[in-house]
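> Contents are mmCIF, C-alpha atoms; file name coords-v2.cif:
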```cif
data_start
#
loop_
_atom_site.group_PDB
_atom_site.id
_atom_site.type_symbol
_atom_site.label_atom_id
_atom_site.label_comp_id
_atom_site.auth_asym_id
_atom_site.auth_seq_id
_atom_site.Cartn_x
_atom_site.Cartn_y
_atom_site.Cartn_z
ATOM 1 C CA MET H 1 -7.164 1.184 9.849
ATOM 2 C CA LEU H 2 -7.664 4.665 11.205
ATOM 3 C CA ALA H 3 -11.376 5.357 10.910
ATOM 4 C CA ASN H 4 -11.647 9.074 11.647
ATOM 5 C CA ALA H 5 -9.780 12.367 11.945
ATOM 6 C CA ALA H 6 -9.348 12.209 15.733
ATOM 7 C CA ILE H 7 -7.647 8.816 15.559
ATOM 8 C CA ILE H 8 -5.386 9.951 12.707
ATOM 9 C CA ALA H 9 -4.399 13.078 14.661
ATOM 10 C CA ALA H 10 -3.629 11.023 17.782
ATOM 11 C CA VAL H 11 -1.502 8.556 15.819
ATOM 12 C CA ALA H 12 0.372 11.372 14.056
ATOM 13 C CA HIS H 13 1.045 13.028 17.418
ATOM 14 C CA ALA H 14 2.446 9.766 18.829
ATOM 15 C CA ILE H 15 4.618 9.262 15.750
ATOM 16 C CA ARG H 16 6.095 12.752 16.103
ATOM 17 C CA GLU H 17 6.686 12.273 19.843
ATOM 18 C CA THR H 18 8.406 8.897 19.398
ATOM 19 C CA GLN H 19 10.287 10.090 16.307
ATOM 20 C CA ILE H 20 9.461 7.032 14.220
ATOM 21 C CA THR H 21 11.422 7.312 10.970
ATOM 22 C CA ASN H 22 10.655 4.120 9.029
ATOM 23 C CA LEU H 23 6.912 4.692 8.951
ATOM 24 C CA VAL H 24 5.001 2.848 6.251
ATOM 25 C CA VAL H 25 1.479 4.218 5.823
ATOM 26 C CA ASP H 26 -0.973 1.884 4.143
ATOM 27 C CA THR H 27 -3.837 4.260 3.428
ATOM 28 C CA VAL H 28 -6.665 1.925 4.394
ATOM 29 C CA MET H 29 -9.543 3.954 2.988
ATOM 30 C CA VAL H 30 -11.309 1.847 0.380
ATOM 31 C CA SER H 31 -11.694 -1.928 0.566
ATOM 32 C CA LYS H 32 -11.226 -4.476 -2.188
ATOM 33 C CA SER H 33 -15.006 -4.518 -2.608
ATOM 34 C CA ASN H 34 -15.002 -0.696 -2.906
ATOM 35 C CA HIS H 35 -16.440 -0.002 0.564
ATOM 36 C CA ARG H 36 -15.300 3.226 2.232
ATOM 37 C CA LEU H 37 -13.354 2.494 5.424
ATOM 38 C CA LEU H 38 -12.360 6.055 6.349
ATOM 39 C CA ALA H 39 -14.775 8.852 7.151
ATOM 40 C CA ALA H 40 -14.809 11.347 4.281
ATOM 41 C CA ASP H 41 -14.100 14.227 6.660
ATOM 42 C CA ALA H 42 -10.881 12.469 7.765
ATOM 43 C CA GLU H 43 -9.283 12.463 4.303
ATOM 44 C CA ALA H 44 -7.781 15.936 4.725
ATOM 45 C CA THR H 45 -6.334 14.969 8.128
ATOM 46 C CA LEU H 46 -4.739 11.879 6.584
ATOM 47 C CA LYS H 47 -3.236 13.953 3.759
ATOM 48 C CA ASP H 48 -2.114 16.892 5.903
ATOM 49 C CA THR H 49 -1.084 15.179 9.134
ATOM 50 C CA LEU H 50 -0.063 11.562 8.578
ATOM 51 C CA LEU H 51 1.279 11.307 5.021
ATOM 52 C CA PRO H 52 4.017 13.928 5.577
ATOM 53 C CA LEU H 53 5.397 11.701 8.371
ATOM 54 C CA ALA H 54 5.606 8.615 6.148
ATOM 55 C CA LEU H 55 8.760 7.141 4.765
ATOM 56 C CA ILE H 56 6.597 5.186 2.299
ATOM 57 C CA VAL H 57 2.903 5.538 1.501
ATOM 58 C CA THR H 58 1.211 2.535 -0.179
ATOM 59 C CA PRO H 59 -2.282 3.304 -1.536
ATOM 60 C CA ASN H 60 -4.225 0.944 -3.762
ATOM 61 C CA LEU H 61 -5.816 2.479 -6.860
ATOM 62 C CA PRO H 62 -9.194 3.431 -5.325
ATOM 63 C CA GLU H 63 -7.357 5.044 -2.388
ATOM 64 C CA ALA H 64 -4.959 6.872 -4.718
ATOM 65 C CA GLU H 65 -7.973 8.168 -6.658
ATOM 66 C CA VAL H 66 -9.536 9.555 -3.475
ATOM 67 C CA LEU H 67 -6.268 11.138 -2.329
ATOM 68 C CA THR H 68 -5.393 12.693 -5.704
ATOM 69 C CA GLY H 69 -8.748 13.277 -7.382
ATOM 70 C CA LEU H 70 -7.358 11.526 -10.477
ATOM 71 C CA ARG H 71 -8.934 8.663 -12.404
ATOM 72 C CA ILE H 72 -6.413 5.817 -12.389
ATOM 73 C CA ASP H 73 -7.184 3.033 -14.833
ATOM 74 C CA ASN H 74 -3.775 2.303 -16.365
ATOM 75 C CA VAL H 75 -0.074 2.336 -15.527
ATOM 76 C CA LYS H 76 0.469 5.777 -17.065
ATOM 77 C CA ALA H 77 -2.144 7.237 -14.710
ATOM 78 C CA MET H 78 -0.358 5.511 -11.800
ATOM 79 C CA TYR H 79 2.742 7.604 -12.616
ATOM 80 C CA ALA H 80 0.724 10.829 -12.326
ATOM 81 C CA ALA H 81 -0.832 9.635 -9.073
ATOM 82 C CA ALA H 82 2.604 8.787 -7.645
ATOM 83 C CA GLU H 83 3.859 12.303 -8.396
ATOM 84 C CA ASN H 84 0.764 13.840 -6.869
ATOM 85 C CA LEU H 85 1.028 11.682 -3.741
ATOM 86 C CA PHE H 86 4.735 12.451 -3.385
ATOM 87 C CA SER H 87 3.854 16.148 -3.221
ATOM 88 C CA LEU H 88 1.887 15.419 -0.017
ATOM 89 C CA GLY H 89 5.141 14.804 1.853
ATOM 90 C CA ALA H 90 6.003 11.099 2.011
ATOM 91 C CA LYS H 91 9.604 10.361 1.059
ATOM 92 C CA TYR H 92 8.565 7.482 -1.219
ATOM 93 C CA VAL H 93 5.339 6.376 -2.860
ATOM 94 C CA LEU H 94 4.276 2.890 -3.908
ATOM 95 C CA VAL H 95 1.035 2.964 -5.897
ATOM 96 C CA LYS H 96 -0.332 -0.579 -5.879
ATOM 97 C CA GLY H 97 -1.795 -1.715 -9.196
ATOM 98 C CA GLY H 98 -3.604 -4.849 -8.099
ATOM 99 C CA HIS H 99 -6.975 -3.381 -9.103
ATOM 100 C CA LEU H 100 -5.951 -3.101 -12.757
ATOM 101 C CA THR H 101 -7.125 -5.865 -15.076
ATOM 102 C CA SER H 102 -3.774 -6.221 -16.843
ATOM 103 C CA ALA H 103 -2.049 -9.580 -17.287
ATOM 104 C CA ALA H 104 0.759 -8.620 -14.894
ATOM 105 C CA ALA H 105 0.519 -7.035 -11.456
ATOM 106 C CA THR H 106 2.412 -3.746 -11.692
ATOM 107 C CA ASP H 107 3.083 -1.333 -8.854
ATOM 108 C CA ILE H 108 4.768 2.059 -9.307
ATOM 109 C CA PHE H 109 7.525 3.159 -6.903
ATOM 110 C CA PHE H 110 8.475 6.852 -6.949
ATOM 111 C CA ASP H 111 11.294 8.515 -5.029
ATOM 112 C CA GLY H 112 10.650 12.080 -6.155
ATOM 113 C CA LYS H 113 12.951 11.782 -9.173
ATOM 114 C CA ASN H 114 12.756 8.269 -10.557
ATOM 115 C CA PHE H 115 9.915 5.886 -11.246
ATOM 116 C CA THR H 116 10.378 2.134 -10.970
ATOM 117 C CA GLU H 117 7.828 -0.354 -12.221
ATOM 118 C CA LEU H 118 7.610 -3.380 -9.949
ATOM 119 C CA THR H 119 5.947 -6.002 -12.095
ATOM 120 C CA GLY H 120 5.032 -9.452 -10.902
ATOM 121 C CA GLU H 121 2.911 -12.379 -11.826
ATOM 122 C CA ARG H 122 -0.826 -11.883 -11.389
ATOM 123 C CA ILE H 123 -2.021 -14.867 -9.352
ATOM 124 C CA ASP H 124 -5.500 -16.150 -10.160
ATOM 125 C CA THR H 125 -6.969 -16.745 -6.705
ATOM 126 C CA SER H 126 -9.905 -15.615 -4.609
ATOM 127 C CA ALA H 127 -7.628 -15.676 -1.537
ATOM 128 C CA THR H 128 -6.741 -11.993 -1.699
ATOM 129 C CA HIS H 129 -8.014 -10.691 1.637
ATOM 130 C CA GLY H 130 -5.352 -8.599 3.334
ATOM 131 C CA THR H 131 -3.013 -8.198 0.376
ATOM 132 C CA GLY H 132 -2.438 -4.477 0.962
ATOM 133 C CA CYS H 133 -1.873 -4.907 4.680
ATOM 134 C CA THR H 134 0.424 -7.848 4.048
ATOM 135 C CA LEU H 135 2.471 -5.870 1.531
ATOM 136 C CA SER H 136 2.888 -2.838 3.809
ATOM 137 C CA ALA H 137 3.773 -5.042 6.794
ATOM 138 C CA ALA H 138 6.347 -6.904 4.695
ATOM 139 C CA ILE H 139 7.839 -3.595 3.518
ATOM 140 C CA THR H 140 8.105 -2.544 7.161
ATOM 141 C CA ALA H 141 9.811 -5.829 8.070
ATOM 142 C CA PHE H 142 12.345 -5.489 5.252
ATOM 143 C CA LEU H 143 13.066 -1.888 6.255
ATOM 144 C CA ALA H 144 13.677 -3.125 9.816
ATOM 145 C CA ARG H 145 16.169 -5.612 8.379
ATOM 146 C CA GLY H 146 18.105 -2.720 6.826
ATOM 147 C CA TYR H 147 16.813 -2.804 3.260
ATOM 148 C CA ALA H 148 16.679 0.450 1.292
ATOM 149 C CA ALA H 149 13.126 1.612 0.470
ATOM 150 C CA LEU H 150 13.031 0.342 -3.125
ATOM 151 C CA ASP H 151 14.634 -2.971 -2.184
ATOM 152 C CA ALA H 152 12.155 -3.392 0.680
ATOM 153 C CA CYS H 153 9.270 -2.839 -1.738
ATOM 154 C CA ARG H 154 10.721 -5.345 -4.233
ATOM 155 C CA ALA H 155 11.265 -7.997 -1.560
ATOM 156 C CA ALA H 156 7.795 -7.408 -0.088
ATOM 157 C CA LYS H 157 6.165 -7.757 -3.510
ATOM 158 C CA GLU H 158 8.024 -11.033 -4.055
ATOM 159 C CA TYR H 159 6.885 -12.261 -0.634
ATOM 160 C CA LEU H 160 3.265 -11.281 -1.339
ATOM 161 C CA THR H 161 3.344 -13.027 -4.714
ATOM 162 C CA GLY H 162 4.451 -16.216 -2.945
ATOM 163 C CA ALA H 163 1.759 -15.795 -0.293
ATOM 164 C CA LEU H 164 -0.861 -15.431 -3.036
ATOM 165 C CA ARG H 165 0.508 -18.317 -5.100
ATOM 166 C CA ASN H 166 0.366 -20.625 -2.070
ATOM 167 C CA ALA H 167 -2.970 -19.444 -0.648
ATOM 168 C CA LYS H 168 -5.747 -21.968 -0.140
ATOM 169 C CA PRO H 169 -9.186 -20.461 -0.705
ATOM 170 C CA ILE H 170 -11.342 -21.023 2.379
ATOM 171 C CA GLY H 171 -14.938 -20.085 3.072
ATOM 172 C CA ARG H 172 -16.902 -17.775 0.796
ATOM 173 C CA GLY H 173 -15.649 -14.542 -0.685
ATOM 174 C CA HIS H 174 -12.069 -13.351 -0.418
ATOM 175 C CA GLY H 175 -9.992 -15.711 1.710
ATOM 176 C CA PRO H 176 -6.639 -14.829 3.298
ATOM 177 C CA VAL H 177 -3.234 -15.025 1.664
ATOM 178 C CA ASN H 178 -0.859 -17.685 3.019
ATOM 179 C CA HIS H 179 1.529 -15.743 5.257
ATOM 180 C CA PHE H 180 3.369 -18.909 6.273
ATOM 181 C CA PHE H 181 4.105 -20.391 2.854
ATOM 182 C CA GLN H 182 7.882 -20.101 3.333
ATOM 183 C CA ILE H 183 7.757 -22.066 6.573
ATOM 184 C CA ARG H 184 5.506 -24.830 5.303
ATOM 185 C CA ASN H 185 7.216 -25.224 1.925
#
```
For this file, write the structure as structure tokens.

Amino acid sequence: MLANAAIIAAVAHAIRETQITNLVVDTVMVSKSNHRLLAADAEATLKDTLLPLALIVTPNLPEAEVLTGLRIDNVKAMYAAAENLFSLGAKYVLVKGGHLTSAAATDIFFDGKNFTELTGERIDTSATHGTGCTLSAAITAFLARGYAALDACRAAKEYLTGALRNAKPIGRGHGPVNHFFQIRN
């Protein structure tokens, strides 16, 4: 989570200097409970400085709304958001649809020419804390293993679905997903 413009600029500078190519940017801006996590004056720096360096950008719907200015309340609107986000410079866009109330959990992958709907089972659990971070980290891991961008997103979504399916709600509020379900099962 990059809280302000100065931090974003410093990270972007380091990325350019180290020539990182498989950069996955999870635009941590708006939490699951709709709390703003990024200073409003840093949004332009994120869009202009960091997103153009990304191989894949992975906003959730509230974040995609902030970045695009579009209202996104259905899958069709996710397509428009993906196109808009692609124009900001990332090579690929994955708009995460977890905030929709549809029966399935559908994300939209866009490569600049083709859209792919990644649809999975919607898991009924309160253990959803960290889903976006988990998905982007899993995408990064699959890219490191040599997967193509779309395949990395598919595999990461499958992993996250398993982590949600096997999560054990703990405490009050949103508990964590089960990152270790494959090891323990």
> Which of these, H:Asp111, H:Glu117, H:Asp124, H:Glu43, has the shortest distance to Ala149 (chain H) once you count all atoms listed in the file?
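Nearest to Ala149 (chain H): H:Asp111.
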> I want to know what sits within 6 Å of region 158-166 of chain H, based on all atoms listed in the file, with residues of the same chain fewer than 2 positions away left out; could you give that as a VMD selection string?
chain H and resid 155 to 156 177 to 179
> Create the file for the chosen residues now, containing C-alpha atoms and written as a CSV table (one decimal), in the coordinates of the input.

```
chain,number,residue,atom,x,y,z
H,155,ALA,CA,11.3,-8.0,-1.6
H,156,ALA,CA,7.8,-7.4,-0.1
H,177,VAL,CA,-3.2,-15.0,1.7
H,178,ASN,CA,-0.9,-17.7,3.0
H,179,HIS,CA,1.5,-15.7,5.3
```
> Name the residues in contact with region 103-110 of chain H at a cut-off of 12 Å, using only C-alpha atoms, excluding same-chain residues fewer than 4 positions from it; report them as number ranges by chain.
H: 55-61, 64, 74-87, 90-99, 114-124, 132, 135, 149-154, 156-158, 160-161, 164
> Between H:Ser136, H:Ser102, H:Thr68, H:Asn4, which has the minimum distance to Leu23 (chain H) (counting all atoms listed in the file)?
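Checking each of H:Ser136, H:Ser102, H:Thr68, H:Asn4 against Leu23 (chain H), counting all atoms listed in the file, the winner is H:Ser136.
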> Draw an axis-aligned box over all listed atoms of region 144-158 of chain H, pad each side with 6 Å, and write its centre and edge lengths in Å, one decimal, as lines of an AutoDock Vina configuration file.

```
center_x = 12.1
center_y = -4.7
center_z = 2.8
size_x = 23.9
size_y = 24.6
size_z = 26.0
```
> If the PyMOL selection byres ((chain H and resi 45) around 12) is run on the structure shown, which residues does it catch, given as a PyMOL selection string?
chain H and resi 2-12+27+38-44+46-52+67+88
> Under the rule that all atoms listed in the file are counted, which of H:Ile20, H:Ala14, H:Met1, H:Val66 is the nearest residue to Ala144 (chain H)?
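Looking only at the distances to Ala144 (chain H), the closest residue turns out to be H:Ile20.
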> Which value, in Å to one decimal, gives the distance between CA of Ile139 (chain H) and CA of Arg172 (chain H)?
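Going from CA of Ile139 (chain H) over to CA of Arg172 (chain H), I get 28.6 Å.
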> Figure out the distance between CA of Gly130 (chain H) and CA of Met29 (chain H), please, to one decimal in Å.
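The value is 13.2 Å.
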